[in-house]
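Coordinates from protein.txt are shown below (compact mmCIF, C-alpha atoms (C1' of nucleotides)).
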# COMPACT_ATOMS: atom_id res chain seq x y z
CA MET A 1 -42.97 59.59 98.66
CA THR A 2 -39.39 58.65 97.94
CA ASP A 3 -36.39 60.94 98.30
CA ARG A 4 -36.06 61.31 94.57
CA SER A 5 -39.69 62.22 94.14
CA SER A 6 -39.73 64.84 96.87
CA GLU A 7 -36.48 66.33 95.64
CA THR A 8 -37.87 66.67 92.15
CA ALA A 9 -41.12 68.12 93.45
CA GLU A 10 -39.05 70.67 95.34
CA ARG A 11 -37.11 71.61 92.23
CA VAL A 12 -40.37 72.02 90.32
CA LEU A 13 -41.84 74.18 93.06
CA LEU A 14 -38.91 76.57 93.19
CA GLU A 15 -38.54 76.82 89.42
CA ALA A 16 -42.27 77.47 89.13
CA ALA A 17 -41.99 80.26 91.68
CA ALA A 18 -39.17 81.86 89.69
CA LEU A 19 -41.14 81.58 86.46
CA PHE A 20 -44.30 82.97 88.04
CA ARG A 21 -42.32 85.95 89.29
CA GLU A 22 -40.76 86.61 85.89
CA LYS A 23 -43.80 86.20 83.67
CA GLY A 24 -46.77 86.18 85.97
CA PHE A 25 -48.90 83.09 86.51
CA ALA A 26 -51.05 83.42 83.41
CA SER A 27 -48.16 84.08 81.03
CA ALA A 28 -46.02 81.28 82.42
CA SER A 29 -46.64 78.11 80.45
CA THR A 30 -46.23 74.63 81.82
CA ARG A 31 -44.12 73.80 78.77
CA GLU A 32 -41.57 76.50 79.53
CA LEU A 33 -41.47 75.38 83.14
CA ALA A 34 -40.78 71.81 82.03
CA ASP A 35 -38.09 73.00 79.60
CA ARG A 36 -36.26 74.83 82.36
CA LEU A 37 -36.31 71.70 84.45
CA GLY A 38 -35.09 69.50 81.62
CA MET A 39 -38.25 67.43 81.55
CA ARG A 40 -41.42 67.12 79.49
CA GLY A 41 -44.67 68.88 80.23
CA ALA A 42 -46.48 65.67 81.11
CA SER A 43 -44.01 64.84 83.88
CA LEU A 44 -45.09 67.85 85.90
CA TYR A 45 -48.44 66.21 86.49
CA TYR A 46 -46.87 63.35 88.34
CA HIS A 47 -45.82 65.81 91.07
CA PHE A 48 -48.64 68.35 90.95
CA LYS A 49 -52.35 68.12 90.35
CA ASN A 50 -52.49 71.05 87.94
CA LYS A 51 -51.05 74.48 87.27
CA GLU A 52 -53.14 76.23 89.89
CA ASP A 53 -52.04 73.68 92.48
CA LEU A 54 -48.49 74.73 91.69
CA LEU A 55 -49.21 78.39 92.43
CA TYR A 56 -51.14 77.49 95.55
CA ARG A 57 -48.25 75.46 96.94
CA VAL A 58 -45.81 78.24 96.14
CA CYS A 59 -47.96 80.61 98.17
CA VAL A 60 -48.28 78.17 101.06
CA ARG A 61 -44.53 77.66 101.11
CA SER A 62 -44.02 81.42 101.05
CA MET A 63 -46.30 81.98 104.03
CA THR A 64 -44.97 79.12 106.16
CA THR A 65 -41.40 80.18 105.47
CA VAL A 66 -41.78 83.83 106.36
CA ARG A 67 -43.92 82.93 109.33
CA THR A 68 -41.31 80.52 110.69
CA ARG A 69 -38.49 82.97 110.17
CA VAL A 70 -40.32 85.78 111.99
CA ASP A 71 -41.38 83.50 114.84
CA GLU A 72 -37.70 82.80 115.47
CA VAL A 73 -36.98 86.41 116.43
CA LEU A 74 -40.20 87.03 118.35
CA ASP A 75 -38.52 87.37 121.72
CA PRO A 76 -40.88 88.50 124.53
CA ARG A 77 -37.94 89.61 126.65
CA LEU A 78 -37.18 92.48 124.28
CA PRO A 79 -38.90 95.86 124.57
CA VAL A 80 -41.85 96.11 122.19
CA ARG A 81 -40.06 98.48 119.91
CA GLU A 82 -37.01 96.25 119.58
CA ARG A 83 -39.22 93.24 119.08
CA LEU A 84 -41.00 94.93 116.20
CA ARG A 85 -37.69 96.06 114.82
CA ALA A 86 -36.45 92.47 114.75
CA MET A 87 -39.68 91.18 113.18
CA VAL A 88 -39.68 93.80 110.44
CA GLY A 89 -36.04 93.07 109.76
CA ARG A 90 -36.71 89.37 109.37
CA HIS A 91 -39.72 90.03 107.17
CA VAL A 92 -37.82 92.27 104.75
CA ILE A 93 -34.72 90.08 104.69
CA THR A 94 -36.71 86.93 104.04
CA LEU A 95 -38.71 88.56 101.24
CA LEU A 96 -35.69 90.02 99.50
CA GLU A 97 -33.47 86.98 99.88
CA GLN A 98 -36.17 84.69 98.45
CA ARG A 99 -37.83 86.98 95.96
CA ASP A 100 -38.75 84.15 93.61
CA LEU A 101 -40.74 82.46 96.34
CA HIS A 102 -42.51 85.42 97.90
CA THR A 103 -43.24 87.68 94.93
CA PRO A 104 -45.89 85.36 93.44
CA MET A 105 -47.61 85.17 96.83
CA LEU A 106 -47.77 88.98 96.91
CA THR A 107 -48.68 89.65 93.29
CA GLN A 108 -50.35 86.59 91.78
CA LEU A 109 -52.99 85.80 94.40
CA ALA A 110 -55.77 87.07 92.15
CA GLU A 111 -55.06 84.21 89.74
CA LEU A 112 -56.19 81.63 92.29
CA THR A 113 -59.73 80.27 92.51
CA PRO A 114 -61.52 81.99 95.42
CA VAL A 115 -61.37 78.94 97.68
CA TRP A 116 -57.58 78.66 97.43
CA ARG A 117 -57.10 82.40 97.49
CA ASP A 118 -59.14 82.68 100.67
CA ASP A 119 -56.98 80.00 102.25
CA ILE A 120 -53.83 82.02 101.53
CA LEU A 121 -55.48 85.26 102.64
CA ARG A 122 -56.40 83.64 105.94
CA ARG A 123 -52.78 82.62 106.49
CA ARG A 124 -51.71 86.13 105.60
CA ARG A 125 -54.11 87.71 108.05
CA GLU A 126 -52.86 85.42 110.80
CA TYR A 127 -49.31 86.39 109.95
CA GLU A 128 -50.05 90.11 109.88
CA GLN A 129 -51.85 89.72 113.19
CA LEU A 130 -48.47 88.97 114.77
CA PHE A 131 -47.45 92.50 113.89
CA THR A 132 -50.75 94.08 114.84
CA ASP A 133 -50.49 92.45 118.26
CA GLN A 134 -47.12 94.04 118.85
CA ILE A 135 -48.38 97.41 117.67
CA VAL A 136 -51.30 97.19 120.09
CA LEU A 137 -48.85 96.37 122.87
CA GLY A 138 -46.74 99.32 121.82
CA GLN A 139 -49.77 101.59 121.95
CA ARG A 140 -50.61 100.39 125.49
CA GLU A 141 -47.05 101.04 126.58
CA GLY A 142 -47.12 104.48 125.01
CA VAL A 143 -44.34 103.98 122.47
CA ILE A 144 -46.66 103.93 119.46
CA ARG A 145 -49.14 106.65 118.60
CA THR A 146 -52.77 105.97 119.42
CA ASP A 147 -54.53 108.47 117.16
CA LEU A 148 -54.42 105.89 114.36
CA THR A 149 -55.74 102.35 114.76
CA ALA A 150 -53.30 99.46 115.07
CA GLU A 151 -54.89 97.97 111.96
CA LEU A 152 -54.15 101.01 109.83
CA LEU A 153 -50.62 101.21 111.18
CA THR A 154 -50.16 97.54 110.26
CA LEU A 155 -51.42 98.18 106.76
CA SER A 156 -49.08 101.15 106.48
CA LEU A 157 -46.19 99.01 107.65
CA PHE A 158 -46.78 96.27 105.09
CA ASN A 159 -47.41 98.83 102.37
CA LEU A 160 -44.00 100.26 103.15
CA LEU A 161 -42.27 96.89 103.16
CA ASN A 162 -43.99 94.82 100.49
CA TRP A 163 -43.86 97.11 97.47
CA THR A 164 -40.09 96.81 97.68
CA VAL A 165 -40.21 93.49 95.81
CA PHE A 166 -41.08 95.48 92.67
CA TRP A 167 -37.99 97.65 92.54
CA TYR A 168 -35.35 96.01 94.70
CA ASN A 169 -32.15 95.37 92.77
CA PRO A 170 -29.57 93.36 94.73
CA GLU A 171 -26.77 94.70 92.53
CA LYS A 172 -27.49 98.39 92.95
CA ASP A 173 -29.39 98.73 96.19
CA GLN A 174 -28.35 98.32 99.79
CA THR A 175 -28.35 94.92 101.44
CA PRO A 176 -31.71 93.65 102.68
CA GLN A 177 -30.50 94.18 106.25
CA GLU A 178 -29.61 97.83 105.61
CA LEU A 179 -32.88 98.41 103.78
CA ALA A 180 -34.82 96.82 106.62
CA ASP A 181 -33.16 99.11 109.16
CA MET A 182 -34.06 102.15 107.09
CA PHE A 183 -37.69 101.09 106.76
CA VAL A 184 -37.89 100.51 110.48
CA SER A 185 -36.53 103.98 111.04
CA VAL A 186 -38.95 105.57 108.58
CA PHE A 187 -41.88 103.67 110.02
CA PHE A 188 -41.19 104.60 113.64
CA ASP A 189 -39.81 108.11 113.27
CA GLY A 190 -41.16 109.29 109.92
CA ALA A 191 -39.47 111.40 107.30
CA GLY A 192 -39.87 114.69 109.10
CA SER A 193 -37.20 116.21 111.29
CA ALA A 194 -39.44 118.58 113.24
CA PRO A 195 -42.83 118.21 114.93
CA SER A 196 -45.78 119.02 112.68
CA MET B 1 -60.85 111.02 63.75
CA THR B 2 -64.57 111.58 64.11
CA ASP B 3 -66.41 112.16 67.35
CA ARG B 4 -67.97 108.73 67.26
CA SER B 5 -64.68 107.00 66.69
CA SER B 6 -62.85 108.75 69.51
CA GLU B 7 -65.75 108.19 71.86
CA THR B 8 -65.73 104.48 71.12
CA ALA B 9 -61.96 104.33 71.48
CA GLU B 10 -62.34 105.97 74.88
CA ARG B 11 -64.97 103.42 75.93
CA VAL B 12 -62.67 100.61 74.83
CA LEU B 13 -59.73 102.09 76.72
CA LEU B 14 -61.60 102.41 80.00
CA GLU B 15 -63.24 99.00 79.76
CA ALA B 16 -59.88 97.44 78.95
CA ALA B 17 -58.37 99.10 82.02
CA ALA B 18 -61.14 97.66 84.19
CA LEU B 19 -60.69 94.21 82.71
CA PHE B 20 -56.91 94.32 83.08
CA ARG B 21 -57.35 95.23 86.73
CA GLU B 22 -59.80 92.41 87.38
CA LYS B 23 -58.06 89.60 85.52
CA GLY B 24 -54.58 90.82 84.80
CA PHE B 25 -53.38 91.54 81.27
CA ALA B 26 -52.55 87.96 80.28
CA SER B 27 -55.80 86.47 81.58
CA ALA B 28 -57.98 89.14 80.02
CA SER B 29 -59.08 88.01 76.57
CA THR B 30 -59.91 90.34 73.74
CA ARG B 31 -63.15 88.46 73.25
CA GLU B 32 -64.36 89.14 76.78
CA LEU B 33 -63.41 92.78 76.37
CA ALA B 34 -65.44 92.97 73.17
CA ASP B 35 -68.38 91.22 74.83
CA ARG B 36 -68.46 93.78 77.61
CA LEU B 37 -68.50 96.55 75.05
CA GLY B 38 -71.27 94.92 73.01
CA MET B 39 -69.08 94.49 69.96
CA ARG B 40 -67.10 91.76 68.19
CA GLY B 41 -63.47 90.96 68.81
CA ALA B 42 -62.40 92.10 65.39
CA SER B 43 -63.81 95.57 65.90
CA LEU B 44 -61.27 96.31 68.60
CA TYR B 45 -58.56 96.32 65.96
CA TYR B 46 -60.14 99.27 64.21
CA HIS B 47 -59.34 101.39 67.26
CA PHE B 48 -56.16 99.75 68.56
CA LYS B 49 -53.17 98.16 66.91
CA ASN B 50 -53.11 95.11 69.17
CA LYS B 51 -53.65 93.97 72.72
CA GLU B 52 -50.35 95.27 73.98
CA ASP B 53 -51.07 98.68 72.47
CA LEU B 54 -54.20 98.71 74.60
CA LEU B 55 -52.25 98.16 77.80
CA TYR B 56 -49.64 100.71 76.76
CA ARG B 57 -52.26 103.39 76.18
CA VAL B 58 -53.93 102.60 79.50
CA CYS B 59 -50.58 103.17 81.22
CA VAL B 60 -49.94 106.41 79.32
CA ARG B 61 -53.37 107.69 80.22
CA SER B 62 -52.76 106.76 83.83
CA MET B 63 -49.50 108.66 84.01
CA THR B 64 -50.70 111.78 82.21
CA THR B 65 -53.81 111.92 84.38
CA VAL B 66 -52.08 111.59 87.73
CA ARG B 67 -49.35 113.94 86.60
CA THR B 68 -51.85 116.60 85.56
CA ARG B 69 -53.83 116.28 88.76
CA VAL B 70 -50.73 116.63 90.95
CA ASP B 71 -49.40 119.56 88.94
CA GLU B 72 -52.62 121.42 89.75
CA VAL B 73 -51.85 121.51 93.46
CA LEU B 74 -48.11 122.14 93.17
CA ASP B 75 -48.25 125.63 94.64
CA PRO B 76 -44.80 127.19 95.26
CA ARG B 77 -46.27 129.69 97.71
CA LEU B 78 -47.01 126.95 100.23
CA PRO B 79 -44.41 125.78 102.74
CA VAL B 80 -42.62 122.67 101.50
CA ARG B 81 -44.35 120.44 103.96
CA GLU B 82 -47.82 121.65 102.99
CA ARG B 83 -46.92 121.39 99.35
CA LEU B 84 -45.92 117.75 99.77
CA ARG B 85 -49.03 117.13 101.80
CA ALA B 86 -51.18 118.44 98.96
CA MET B 87 -49.28 116.42 96.35
CA VAL B 88 -49.56 113.19 98.30
CA GLY B 89 -53.23 113.83 98.85
CA ARG B 90 -53.84 114.32 95.15
CA HIS B 91 -51.81 111.21 94.29
CA VAL B 92 -53.74 108.95 96.65
CA ILE B 93 -57.12 110.39 95.78
CA THR B 94 -56.53 110.10 92.05
CA LEU B 95 -55.33 106.51 92.36
CA LEU B 96 -58.22 105.39 94.52
CA GLU B 97 -60.92 107.24 92.61
CA GLN B 98 -59.73 105.77 89.29
CA ARG B 99 -58.52 102.38 90.38
CA ASP B 100 -59.40 100.73 87.08
CA LEU B 101 -57.12 103.11 85.25
CA HIS B 102 -54.12 103.20 87.57
CA THR B 103 -53.94 99.64 88.89
CA PRO B 104 -52.81 98.15 85.56
CA MET B 105 -50.08 100.77 85.31
CA LEU B 106 -48.83 99.77 88.74
CA THR B 107 -49.19 96.00 88.47
CA GLN B 108 -49.14 94.98 84.79
CA LEU B 109 -46.06 96.81 83.53
CA ALA B 110 -44.07 93.58 83.31
CA GLU B 111 -46.42 92.37 80.56
CA LEU B 112 -45.21 95.08 78.20
CA THR B 113 -42.40 94.62 75.70
CA PRO B 114 -39.25 96.29 77.09
CA VAL B 115 -39.41 99.23 74.69
CA TRP B 116 -42.92 100.23 75.79
CA ARG B 117 -42.25 99.38 79.40
CA ASP B 118 -39.18 101.63 79.41
CA ASP B 119 -41.28 104.43 78.00
CA ILE B 120 -43.74 104.14 80.88
CA LEU B 121 -40.95 103.77 83.43
CA ARG B 122 -39.38 106.98 82.14
CA ARG B 123 -42.66 108.83 82.61
CA ARG B 124 -42.93 107.35 86.07
CA ARG B 125 -39.43 108.47 87.04
CA GLU B 126 -40.20 111.98 85.83
CA TYR B 127 -43.36 111.97 87.89
CA GLU B 128 -41.66 110.67 91.01
CA GLN B 129 -38.95 113.27 90.55
CA LEU B 130 -41.59 115.91 91.33
CA PHE B 131 -41.80 114.43 94.80
CA THR B 132 -38.06 113.90 95.19
CA ASP B 133 -37.49 117.57 94.34
CA GLN B 134 -39.80 118.65 97.14
CA ILE B 135 -38.15 116.26 99.56
CA VAL B 136 -34.73 117.70 98.69
CA LEU B 137 -36.11 121.17 99.28
CA GLY B 138 -37.50 120.02 102.60
CA GLN B 139 -34.13 118.62 103.57
CA ARG B 140 -32.41 121.94 102.76
CA GLU B 141 -34.97 123.80 104.83
CA GLY B 142 -34.50 121.37 107.71
CA VAL B 143 -38.04 120.02 107.84
CA ILE B 144 -37.12 116.60 106.45
CA ARG B 145 -34.46 114.32 107.91
CA THR B 146 -31.15 114.22 106.08
CA ASP B 147 -29.70 110.94 107.36
CA LEU B 148 -31.59 109.12 104.58
CA THR B 149 -31.30 110.09 100.93
CA ALA B 150 -34.17 111.89 99.23
CA GLU B 151 -34.34 108.99 96.77
CA LEU B 152 -34.91 106.41 99.49
CA LEU B 153 -37.46 108.62 101.18
CA THR B 154 -39.27 108.93 97.85
CA LEU B 155 -39.26 105.17 97.40
CA SER B 156 -40.59 104.77 100.94
CA LEU B 157 -43.32 107.28 100.22
CA PHE B 158 -44.54 105.53 97.09
CA ASN B 159 -44.24 102.15 98.76
CA LEU B 160 -46.55 103.45 101.46
CA LEU B 161 -49.06 104.89 99.01
CA ASN B 162 -49.12 102.53 96.04
CA TRP B 163 -49.69 99.15 97.70
CA THR B 164 -53.02 100.53 98.83
CA VAL B 165 -54.56 99.70 95.45
CA PHE B 166 -54.38 96.02 96.45
CA TRP B 167 -56.54 96.20 99.54
CA TYR B 168 -58.55 99.41 99.36
CA ASN B 169 -62.26 98.76 99.62
CA PRO B 170 -64.42 101.86 99.05
CA GLU B 171 -67.32 100.31 100.97
CA LYS B 172 -65.46 99.44 104.14
CA ASP B 173 -62.47 101.77 104.28
CA GLN B 174 -62.17 105.46 104.86
CA THR B 175 -62.55 107.92 102.02
CA PRO B 176 -59.49 108.44 99.82
CA GLN B 177 -59.08 111.90 101.34
CA GLU B 178 -59.06 110.56 104.89
CA LEU B 179 -56.67 107.79 103.95
CA ALA B 180 -54.37 110.26 102.22
CA ASP B 181 -54.25 112.43 105.35
CA MET B 182 -53.34 109.42 107.46
CA PHE B 183 -50.56 108.36 105.10
CA VAL B 184 -49.17 111.88 105.10
CA SER B 185 -49.17 111.81 108.86
CA VAL B 186 -47.47 108.41 109.03
CA PHE B 187 -44.91 109.42 106.46
CA PHE B 188 -43.91 112.67 108.15
CA ASP B 189 -44.26 111.75 111.80
CA GLY B 190 -43.95 107.97 111.85
CA ALA B 191 -45.81 105.47 113.98
CA GLY B 192 -43.81 106.09 117.14
CA SER B 193 -44.93 108.43 119.86
CA ALA B 194 -41.55 108.89 121.51
CA PRO B 195 -38.03 109.55 120.20
CA SER B 196 -36.05 106.42 119.52
C1' DA C 1 -76.23 111.17 42.53
C1' DG C 2 -72.07 108.84 42.73
C1' DA C 3 -67.78 107.98 45.17
C1' DA C 4 -65.27 107.41 49.21
C1' DT C 5 -64.74 106.74 53.94
C1' DT C 6 -66.12 105.13 58.46
C1' DA C 7 -67.23 101.76 61.85
C1' DC C 8 -68.44 97.62 62.43
C1' DC C 9 -69.33 92.74 61.06
C1' DT C 10 -68.68 87.27 59.85
C1' DA C 11 -65.57 83.77 59.43
C1' DA C 12 -61.62 81.68 60.03
C1' DC C 13 -56.58 81.18 60.62
C1' DA C 14 -52.38 79.44 62.98
C1' DA C 15 -50.51 79.09 67.32
C1' DT C 16 -50.52 77.94 71.91
C1' DC C 17 -52.67 76.43 76.03
C1' DG C 18 -53.47 72.95 80.13
C1' DC C 19 -53.97 68.44 80.51
C1' DT C 20 -54.74 63.11 79.61
C1' DT C 21 -53.68 58.57 77.98
C1' DG C 22 -50.93 54.76 77.68
C1' DA C 23 -46.57 53.03 77.05
C1' DC C 24 -41.69 52.60 78.43
C1' DC C 25 -37.82 51.51 81.43
C1' DA C 26 -34.70 51.54 85.42
C1' DG C 27 -34.48 49.89 89.98
C1' DT C 28 -36.30 47.30 93.83
C1' DT C 29 -38.39 43.32 95.81
C1' DG C 30 -40.00 38.44 96.33
C1' DC D 1 -35.68 35.37 87.27
C1' DA D 2 -40.27 37.30 87.51
C1' DA D 3 -43.36 40.74 89.31
C1' DC D 4 -43.96 45.24 90.72
C1' DT D 5 -43.38 50.17 91.35
C1' DG D 6 -41.82 54.97 90.56
C1' DG D 7 -40.79 58.37 87.43
C1' DT D 8 -40.62 59.97 82.84
C1' DC D 9 -41.94 60.01 78.12
C1' DA D 10 -44.25 60.64 73.23
C1' DA D 11 -48.36 61.83 71.20
C1' DG D 12 -52.25 64.18 70.92
C1' DC D 13 -56.86 65.91 72.60
C1' DG D 14 -60.14 69.91 72.80
C1' DA D 15 -60.37 74.53 73.95
C1' DT D 16 -58.95 79.14 73.66
C1' DT D 17 -55.94 82.66 72.17
C1' DG D 18 -54.64 87.10 69.32
C1' DT D 19 -55.18 88.45 64.94
C1' DT D 20 -56.44 88.93 59.88
C1' DA D 21 -59.05 89.02 55.46
C1' DG D 22 -62.80 90.47 53.33
C1' DG D 23 -67.50 92.19 53.30
C1' DT D 24 -71.44 95.54 54.40
C1' DA D 25 -74.42 99.15 55.81
C1' DA D 26 -74.44 103.85 57.07
C1' DT D 27 -72.53 108.26 56.72
C1' DT D 28 -69.92 111.94 54.52
C1' DC D 29 -67.73 114.19 50.72
C1' DT D 30 -67.45 115.82 45.83
Whole structure, structure tokens version:
Amino acid sequence: MTDRSSETAERVLLEAAALFREKGFASASTRELADRLGMRGASLYYHFKNKEDLLYRVCVRSMTTVRTRVDEVLDPRLPVRERLRAMVGRHVITLLEQRDLHTPMLTQLAELTPVWRDDILRRRREYEQLFTDQIVLGQREGVIRTDLTAELLTLSLFNLLNWTVFWYNPEKDQTPQELADMFVSVFFDGAGSAPS
Amino acid sequence: MTDRSSETAERVLLEAAALFREKGFASASTRELADRLGMRGASLYYHFKNKEDLLYRVCVRSMTTVRTRVDEVLDPRLPVRERLRAMVGRHVITLLEQRDLHTPMLTQLAELTPVWRDDILRRRREYEQLFTDQIVLGQREGVIRTDLTAELLTLSLFNLLNWTVFWYNPEKDQTPQELADMFVSVFFDGAGSAPS
DNA sequence: AGAATTACCTAACAATCGCTTGACCAGTTG
DNA sequence: CAACTGGTCAAGCGATTGTTAGGTAATTCT
């Protein structure tokens, strides 16, 4: 694996991610991908086994990236609530700053053969477990409600965060950091201003 | 338009919705759709103009259905908070009880030509405005926080609710009604158990 | 009864798809 | 200089795609 080869493979990976986000995996043709990269369709197969392999590697890259970036801010010295706040912030910022990379992982998983899909889903569960663990800790410490399971609260959290990739517009909307802070606030405190 | 024709068209519409949910619009072939319906590919074109028309009508049906079902519970005599609770409940229940119909509208919109997509997006904005209106009312009455805009709270609400179509499993998970109640609770009161 | 319409069919079209084969050539190595 | 390797290419394969043209049996209308 020479420098030139790995650099090209990287270019292909990122352009594929962008194309998959724009058109969806099935509607994105290998010919259009090659055109965008200024190469011929056949050349793609020197760097990747096939089209599905391309989507799989995009998803793997997405998961390892977001996982690494969240691990960086997972500081056990912080109070649970601040720790979660930092993790959610990193999650949202990473997703929105690299939408091309992460959107296919969130929306195109169904296009993968079960064996590859399951591999990505396993990585995703491990990643989400990081958040569930903190929520459980928060429940033990009494800062997070215990009438709902940590699993459902985790699902609610990712519901809240992940759908943003569909409508986020970097030109009109707030910065990812601002948006992340708002989601954290909504998640912890809710939309109500009085006890129900 | 005879009875037989409209009945067949209805069968085609619902089967198409199911297929679009399973495979995505681009990966769903008209031949497989016809096979499922026990007819030939060409016969589809007696009832629908083309494949895109099929997706468009699925989305229209989705929006009119959910809109109608939410309108039914929009009772101005209820307190704002209870009114929103009822609307959210209806939204979630309708989505989860008719996943085949509503999932394509939520996930396959990008496959539509801009002119049709914009038509659906307009209907969706009108629908979401129903919720924004109630949130604004709630803010005026002091039962909903005012440090975040009603628009962002609406986005947060639909984020929370809509992503559920990706993971909901009717065999393992709670009933749609139970899930709706939990989401309402998370949305209004948040996940925290103490003021932040 | 004859004419028209309805709802589906067979057959095939042109276009596009993912992917393979085998050759080409620049750059590195012996 | 010769041999080799890494990366790209042209050409085309077979399969599948959405869609159309034209026909047919059953039903409905006049």
Q. Which neighbours of D:DT20 fall inside 12 Å, counting only C-alpha atoms (C1' of nucleotides), when residues of the same chain fewer than 5 positions from it are skipped, and could you give them as a ChimeraX atom specification?
A. /B:41-43,45-46,50 /C:11-14
Q) So how many Å separate atom CA of B:Lys49 and atom C1' of D:DC29, to one decimal? A)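 According to the coordinates, atom CA of B:Lys49 and atom C1' of D:DC29 are separated by 27.0 Å.
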Q) At what distance in Å, to one decimal, does atom CA of B:Leu130 lie from atom CA of B:Asn159? A) 15.9 Å
Q: Kindly provide, as a list in words, the residues of chain A having any atom no farther than 6 Å from an atom of chain B, counting all atoms listed in the file.
A: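 Applying the cut-off to the listed atoms yields Ala26, Ser27, Val143, Ile144, Arg145, Asn159, Leu160, Trp163, Phe187, Phe188, Asp189, Gly190, Ala191, Gly192, Ser193 and Ala194 of chain A.
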Give me, as a PDB file with C-alpha atoms, in the frame of the given file, the residues of chain A touching chain D, with the criterion being at most 12 Å (counting all atoms listed in the file).
ATOM      1  CA  MET A   1     -42.970  59.590  98.660  1.00  0.00           C
ATOM      2  CA  THR A   2     -39.390  58.650  97.940  1.00  0.00           C
ATOM      3  CA  ASP A   3     -36.390  60.940  98.300  1.00  0.00           C
ATOM      4  CA  ARG A   4     -36.060  61.310  94.570  1.00  0.00           C
ATOM      5  CA  SER A   5     -39.690  62.220  94.140  1.00  0.00           C
ATOM      6  CA  SER A   6     -39.730  64.840  96.870  1.00  0.00           C
ATOM      7  CA  THR A   8     -37.870  66.670  92.150  1.00  0.00           C
ATOM      8  CA  ALA A   9     -41.120  68.120  93.450  1.00  0.00           C
ATOM      9  CA  SER A  27     -48.160  84.080  81.030  1.00  0.00           C
ATOM     10  CA  ALA A  34     -40.780  71.810  82.030  1.00  0.00           C
ATOM     11  CA  GLY A  38     -35.090  69.500  81.620  1.00  0.00           C
ATOM     12  CA  MET A  39     -38.250  67.430  81.550  1.00  0.00           C
ATOM     13  CA  ARG A  40     -41.420  67.120  79.490  1.00  0.00           C
ATOM     14  CA  GLY A  41     -44.670  68.880  80.230  1.00  0.00           C
ATOM     15  CA  ALA A  42     -46.480  65.670  81.110  1.00  0.00           C
ATOM     16  CA  SER A  43     -44.010  64.840  83.880  1.00  0.00           C
ATOM     17  CA  LEU A  44     -45.090  67.850  85.900  1.00  0.00           C
ATOM     18  CA  TYR A  45     -48.440  66.210  86.490  1.00  0.00           C
ATOM     19  CA  TYR A  46     -46.870  63.350  88.340  1.00  0.00           C
ATOM     20  CA  HIS A  47     -45.820  65.810  91.070  1.00  0.00           C
TER      21      HIS A  47
END
**Q.** Expected answer as an MDAnalysis selection string: chain C residues within 12 Å of chain B, only C-alpha atoms (C1' of nucleotides)
**A.** chainID C and resid 5:12 17
Start from the incomplete input, build N, CA and C atoms for stretch 79-90 of chain A, and deliver everything as a short mmCIF file (atom, residue, chain, number, x, y, z; two decimals), keeping the file's coordinate frame.
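As a result, out.cif now contains:
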data_model
loop_
_atom_site.label_atom_id
_atom_site.label_comp_id
_atom_site.auth_asym_id
_atom_site.auth_seq_id
_atom_site.Cartn_x
_atom_site.Cartn_y
_atom_site.Cartn_z
N PRO A 79 -37.89 94.79 124.58
CA PRO A 79 -38.90 95.86 124.57
C PRO A 79 -39.70 95.80 123.28
N VAL A 80 -40.96 96.22 123.35
CA VAL A 80 -41.85 96.11 122.19
C VAL A 80 -41.21 96.68 120.93
N ARG A 81 -40.62 97.81 121.09
CA ARG A 81 -40.06 98.48 119.91
C ARG A 81 -38.93 97.66 119.28
N GLU A 82 -38.10 97.08 120.10
CA GLU A 82 -37.01 96.25 119.58
C GLU A 82 -37.55 94.95 118.99
N ARG A 83 -38.60 94.46 119.59
CA ARG A 83 -39.22 93.24 119.08
C ARG A 83 -39.75 93.48 117.67
N LEU A 84 -40.48 94.59 117.52
CA LEU A 84 -41.00 94.93 116.20
C LEU A 84 -39.87 95.16 115.20
N ARG A 85 -38.82 95.81 115.69
CA ARG A 85 -37.69 96.06 114.82
C ARG A 85 -37.13 94.74 114.27
N ALA A 86 -36.99 93.77 115.16
CA ALA A 86 -36.45 92.47 114.75
C ALA A 86 -37.40 91.76 113.77
N MET A 87 -38.70 91.85 114.05
CA MET A 87 -39.68 91.18 113.18
C MET A 87 -39.68 91.80 111.79
N VAL A 88 -39.69 93.12 111.74
CA VAL A 88 -39.68 93.80 110.44
C VAL A 88 -38.40 93.46 109.68
N GLY A 89 -37.30 93.43 110.40
CA GLY A 89 -36.04 93.07 109.76
C GLY A 89 -36.11 91.69 109.13
N ARG A 90 -36.60 90.72 109.89
CA ARG A 90 -36.71 89.37 109.37
C ARG A 90 -37.65 89.30 108.18
#
